[in-house]
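To start, the structure under review is shown below, and the notes come after it.
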Amino acid sequence: MVLQAWCDWHLFSANKLAVPCGGGDCLRMALDRSGTRRAHMRTLKFAKTPFARHGFRLRASVLTLSVLLAVGGAAEACTRAVYLGPNGNVITARSMDWKSDILSNLWILPRGMARSGEVGPNSIKWTSKYGSVVVSGYDVSTTDGVNEKGLEANLLWLVESKYPPFDGKGKPGLTIAAWAQYVLDNFATVDEAVAALRGEPFTIVTDNVPGEDRLTTVHLSLSDASGDSAIIEYINGKQVIHHSRDFQVMTNSPTFDQQLALNAYWKQIGGTVMLPGTNRASDRFTRAAFYINAIPKSEDPDKALAAVFSVIRNASVPYGITTPGEPNISSTRWRTVFDHKRQLYFFESALTPNTFWVDLKKIDFTRETGKVKMLDLGPNQDHTFSGEASGQFADHAPFRFLGLPG
């Protein structure tokens with residue numbers, strides 16, 4: 001039996017909040033003057049209480065942790081999880097949670113497209129080596145996508161992001177709107193991408209979210225057909241790369257290293273005993289991390305796909321939900337699921353009754369005859385499609401990535 005001991009909050013100084021506990025595993029959250037959240041774990045020895053003498057295990061209430069994690073700036077919420085199944089069956093799922101219509105459409109982008117970093121004269125230039133299918137954001141950015149080699153890229157919100165300064169000199173710049181597309185265009189695997197990104201061939205340049213007075217602050221997750229994963233963040237102006245097959249889950253705040261520390265606490269409890277149930281990023285991380293490994297490892301790829309869909313739906317925020325005083329909680333607008341082995345890219349909107357998919361094997365990505373095409377998903381992605389939809393894309397001029405003038 002697990003008893004929860006409610007922790008008292010004490011303000012130790014003007015710049016720090018702490019949660020002292022009477023015994024068991026205790027989580028401590030400090031807020032420094034810059035507003036950065038830092039999660040720490042500490043273990044306190046049990047006192048000889050009546051509970052201990054009777055074999056009860058006393059634990060600090062983790063509900064206080066959820067409250068503390070809510071302190072900070074507004075952020076949009078998303079979740080990404082990678083399933084590692086038998087026979088090389090790898091499936092990546094993500095949810096897009098946003099407070100308003102993000103104006104998303106599906107795009108087919110062939111090989112051989114000339115690209116620019118879109119930040120003025122000193123922009124990085126490249127030509128797409130691989131074709132891709134992507135979901136746009138406001139039709140000015142790639143927010144999610146997969147390429148013909150089975151590499152997937154997902155952008156998720158991270159309010160703690162701080163990018164290096166860009167003065168138009170020295171290292172070329174890359175608009176944050178094309179960050180995911182740069183990876184999909186140039187690399188076949190996570191390992192290739194990480195090796196290149198460690199050399200920092202560009203400076204990420206951010207700008208305001210379209211129609212809003214706040215900077216775009218995101219981190220990037222990558223996964224490939226081998227099951228490899230990487231998380232790339234910019235913290236205090238420095239690139240931080242977490243690269244391991246073990247990094248199956250990413251959500252939002254706090255930074256990824258702190259998410260791992262928080263999740264380690266929950267692993268000690270065990271998901272069959274208790275899981276956090278709110279729609280905050282740290283709770284969604286814990287649930288997704290537990291369920292993505294708890295679901296049966298079926299050799300039937302369709303059953304595995306159904307199980308992964310159930311995990312990402314479990315981590316989604318119900319449509320229309322708003323939380324007073326919590327601008328960081330947003331409804332799930334759409335979900336994507338990619339079967340890396342079969343190259344099937346699924347799309348599910350909150351406002352349509354059907355899940356449909358695109359079979360990348362049916363698409364002409366060639367430089368010679370491949371064409372840019374778009375599938376119009378409609379306002380709030382309310383257009384209904386069913387089954388395999390690659391034949392329903394229509395020829396379209398490519399969207400231009402949002403960048404700096406010049």
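Identifiers for the structure tokens are assigned positionally: chains receive A, B, ... in sequence, residues are indexed from 1 per chain, and ligands are indexed from 1 in the order shown.
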Rows by chain and residue number, range 84-149 of chain A within 12 Å of range 235-248 of chain A, shortest pair, only C-alpha atoms, as a tab-separated table:
```
residue	atom	partner	partner_atom	distance
A:Leu84	CA	A:Gln248	CA	8.6
A:Val90	CA	A:Gln248	CA	10.8
A:Ile91	CA	A:Gln248	CA	10.4
A:Thr92	CA	A:Gln248	CA	8.7
A:Ala93	CA	A:Gln248	CA	10.2
A:Arg94	CA	A:Gln248	CA	11.3
```
Inset, instruction - Extract, using only C-alpha atoms, all DNA, RNA and protein residues at most 10 Å from Met250 in chain A, discarding same-chain residues fewer than 5 positions from it, and format them as a VMD selection string. - result: chain A and resid 78 to 82 94 154 156 219 to 221 230 to 231 255 to 256 259 to 260 281 to 282 284 to 286 288 to 289
Inset, instruction - Just the strand (DSSP E or B) stuff from range 158-384 of chain A, please, per backbone DSSP, written as JSON, numbers by chain. - result: {"A": [161, 173, 174, 175, 203, 204, 205, 208, 215, 218, 219, 220, 221, 222, 223, 229, 230, 231, 232, 233, 234, 235, 238, 239, 240, 241, 242, 243, 249, 250, 332, 333, 334, 335, 336, 337, 338, 339, 344, 345, 346, 347, 348, 349, 355, 356, 357, 358, 359, 373, 374, 375]}
Inset, instruction - Write out as a ChimeraX atom specification which residues come within 7 Å of Val134 in chain A when counting only C-alpha atoms, dropping same-chain ones fewer than 6 positions away. - result: /A:106-108,142,144-146
Residues as selected, N, CA and C atoms, written as a CSV table (one decimal), in the first residue's frame, can you do that?
```csv
chain,number,residue,atom,x,y,z
A,106,LEU,N,-1.0,19.0,-45.7
A,106,LEU,CA,0.0,18.0,-46.0
A,106,LEU,C,0.6,18.3,-47.4
A,107,TRP,N,2.0,18.2,-47.4
A,107,TRP,CA,2.7,18.5,-48.6
A,107,TRP,C,3.6,17.3,-49.1
A,108,ILE,N,3.7,17.1,-50.4
A,108,ILE,CA,4.7,16.2,-51.0
A,108,ILE,C,5.8,17.1,-51.6
A,142,THR,N,7.7,23.8,-41.7
A,142,THR,CA,7.5,22.3,-41.6
A,142,THR,C,7.5,22.0,-40.1
A,144,ASP,N,6.2,18.9,-38.9
A,144,ASP,CA,6.2,17.5,-38.7
A,144,ASP,C,6.5,16.9,-40.1
A,145,GLY,N,7.2,15.8,-40.2
A,145,GLY,CA,7.4,15.2,-41.5
A,145,GLY,C,8.3,14.0,-41.5
A,146,VAL,N,8.2,13.3,-42.7
A,146,VAL,CA,9.0,12.1,-42.8
A,146,VAL,C,9.7,12.1,-44.2
```
Inset, instruction - For each of A:Val159, A:Leu305, A:Val372, A:Ile124, take the minimum atom-to-atom distance to Leu174 in chain A, counting only C-alpha atoms, then give the residue where this is smallest. - result: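 Among the listed residues, the smallest separation from Leu174 in chain A belongs to A:Ile124.
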Pick out the residues sitting within 9 Å of Val218 in chain A, and hand them over as a JSON list (two decimals) with all heavy atoms, in the first residue's frame; count only C-alpha atoms, and ignore anything fewer than 5 positions along from it in its own chain.
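Printed below is around.json as written:
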```
[["chain", "number", "residue", "atom", "x", "y", "z"],
["A", 155, "LEU", "N", 8.75, 19.06, -34.61],
["A", 155, "LEU", "CA", 9.00, 20.26, -33.81],
["A", 155, "LEU", "C", 7.95, 20.35, -32.72],
["A", 155, "LEU", "O", 6.75, 20.28, -33.00],
["A", 155, "LEU", "CB", 8.95, 21.52, -34.68],
["A", 155, "LEU", "CG", 10.11, 21.78, -35.63],
["A", 155, "LEU", "CD1", 9.87, 23.08, -36.38],
["A", 155, "LEU", "CD2", 11.45, 21.82, -34.90],
["A", 156, "LEU", "N", 8.39, 20.51, -31.47],
["A", 156, "LEU", "CA", 7.50, 20.68, -30.32],
["A", 156, "LEU", "C", 7.92, 21.93, -29.56],
["A", 156, "LEU", "O", 9.10, 22.30, -29.55],
["A", 156, "LEU", "CB", 7.55, 19.46, -29.40],
["A", 156, "LEU", "CG", 6.72, 18.23, -29.80],
["A", 156, "LEU", "CD1", 7.32, 17.54, -31.02],
["A", 156, "LEU", "CD2", 6.64, 17.23, -28.64],
["A", 157, "TRP", "N", 6.97, 22.55, -28.90],
["A", 157, "TRP", "CA", 7.22, 23.80, -28.19],
["A", 157, "TRP", "C", 8.13, 23.57, -26.97],
["A", 157, "TRP", "O", 7.99, 22.57, -26.26],
["A", 157, "TRP", "CB", 5.91, 24.42, -27.73],
["A", 157, "TRP", "CG", 6.02, 25.86, -27.37],
["A", 157, "TRP", "CD1", 6.15, 26.40, -26.11],
["A", 157, "TRP", "CD2", 6.02, 26.97, -28.27],
["A", 157, "TRP", "NE1", 6.23, 27.76, -26.18],
["A", 157, "TRP", "CE2", 6.15, 28.15, -27.50],
["A", 157, "TRP", "CE3", 5.92, 27.09, -29.67],
["A", 157, "TRP", "CZ2", 6.19, 29.42, -28.07],
["A", 157, "TRP", "CZ3", 5.95, 28.36, -30.23],
["A", 157, "TRP", "CH2", 6.08, 29.50, -29.44],
["A", 158, "LEU", "N", 9.05, 24.49, -26.75],
["A", 158, "LEU", "CA", 9.89, 24.49, -25.54],
["A", 158, "LEU", "C", 10.18, 25.93, -25.17],
["A", 158, "LEU", "O", 11.02, 26.58, -25.77],
["A", 158, "LEU", "CB", 11.20, 23.72, -25.77],
["A", 158, "LEU", "CG", 12.12, 23.64, -24.55],
["A", 158, "LEU", "CD1", 11.50, 22.78, -23.45],
["A", 158, "LEU", "CD2", 13.50, 23.12, -24.92],
["A", 159, "VAL", "N", 9.46, 26.41, -24.17],
["A", 159, "VAL", "CA", 9.55, 27.83, -23.81],
["A", 159, "VAL", "C", 10.94, 28.20, -23.32],
["A", 159, "VAL", "O", 11.38, 29.36, -23.43],
["A", 159, "VAL", "CB", 8.48, 28.18, -22.76],
["A", 159, "VAL", "CG1", 8.81, 27.57, -21.41],
["A", 159, "VAL", "CG2", 8.28, 29.69, -22.66],
["A", 160, "GLU", "N", 11.70, 27.23, -22.80],
["A", 160, "GLU", "CA", 13.06, 27.52, -22.29],
["A", 160, "GLU", "C", 14.08, 27.75, -23.40],
["A", 160, "GLU", "O", 15.23, 28.11, -23.11],
["A", 160, "GLU", "CB", 13.54, 26.38, -21.39],
["A", 160, "GLU", "CG", 12.81, 26.26, -20.06],
["A", 160, "GLU", "CD", 11.58, 25.40, -20.15],
["A", 160, "GLU", "OE1", 11.17, 25.03, -21.28],
["A", 160, "GLU", "OE2", 11.00, 25.08, -19.10],
["A", 161, "SER", "N", 13.70, 27.52, -24.65],
["A", 161, "SER", "CA", 14.65, 27.65, -25.75],
["A", 161, "SER", "C", 15.20, 29.08, -25.85],
["A", 161, "SER", "O", 14.47, 30.05, -25.74],
["A", 161, "SER", "CB", 13.98, 27.29, -27.08],
["A", 161, "SER", "OG", 13.50, 25.97, -27.08],
["A", 176, "ILE", "N", 14.11, 29.16, -38.28],
["A", 176, "ILE", "CA", 13.61, 28.05, -37.47],
["A", 176, "ILE", "C", 12.45, 27.36, -38.18],
["A", 176, "ILE", "O", 12.19, 26.17, -37.94],
["A", 176, "ILE", "CB", 13.19, 28.57, -36.08],
["A", 176, "ILE", "CG1", 13.11, 27.42, -35.08],
["A", 176, "ILE", "CG2", 11.88, 29.36, -36.15],
["A", 176, "ILE", "CD1", 13.02, 27.88, -33.64],
["A", 233, "GLU", "N", 18.03, 20.61, -28.66],
["A", 233, "GLU", "CA", 17.51, 21.82, -28.00],
["A", 233, "GLU", "C", 18.56, 22.91, -28.04],
["A", 233, "GLU", "O", 19.76, 22.64, -28.20],
["A", 233, "GLU", "CB", 17.15, 21.52, -26.54],
["A", 233, "GLU", "CG", 16.09, 20.44, -26.38],
["A", 233, "GLU", "CD", 15.76, 20.11, -24.94],
["A", 233, "GLU", "OE1", 16.62, 20.35, -24.05],
["A", 233, "GLU", "OE2", 14.64, 19.63, -24.69],
["A", 234, "TYR", "N", 18.11, 24.15, -27.90],
["A", 234, "TYR", "CA", 19.02, 25.28, -27.72],
["A", 234, "TYR", "C", 18.72, 25.89, -26.36],
["A", 234, "TYR", "O", 17.65, 26.47, -26.14],
["A", 234, "TYR", "CB", 18.83, 26.31, -28.83],
["A", 234, "TYR", "CG", 19.51, 25.91, -30.12],
["A", 234, "TYR", "CD1", 18.86, 25.11, -31.05],
["A", 234, "TYR", "CD2", 20.82, 26.31, -30.41],
["A", 234, "TYR", "CE1", 19.48, 24.73, -32.23],
["A", 234, "TYR", "CE2", 21.45, 25.93, -31.58],
["A", 234, "TYR", "CZ", 20.78, 25.14, -32.49],
["A", 234, "TYR", "OH", 21.40, 24.76, -33.66],
["A", 252, "ASN", "N", 7.16, 18.87, -23.72],
["A", 252, "ASN", "CA", 7.53, 20.28, -23.72],
["A", 252, "ASN", "C", 8.40, 20.57, -22.50],
["A", 252, "ASN", "O", 9.36, 19.87, -22.27],
["A", 252, "ASN", "CB", 6.27, 21.14, -23.78],
["A", 252, "ASN", "CG", 5.27, 20.65, -24.81],
["A", 252, "ASN", "OD1", 4.25, 20.09, -24.46],
["A", 252, "ASN", "ND2", 5.56, 20.84, -26.09]]
```
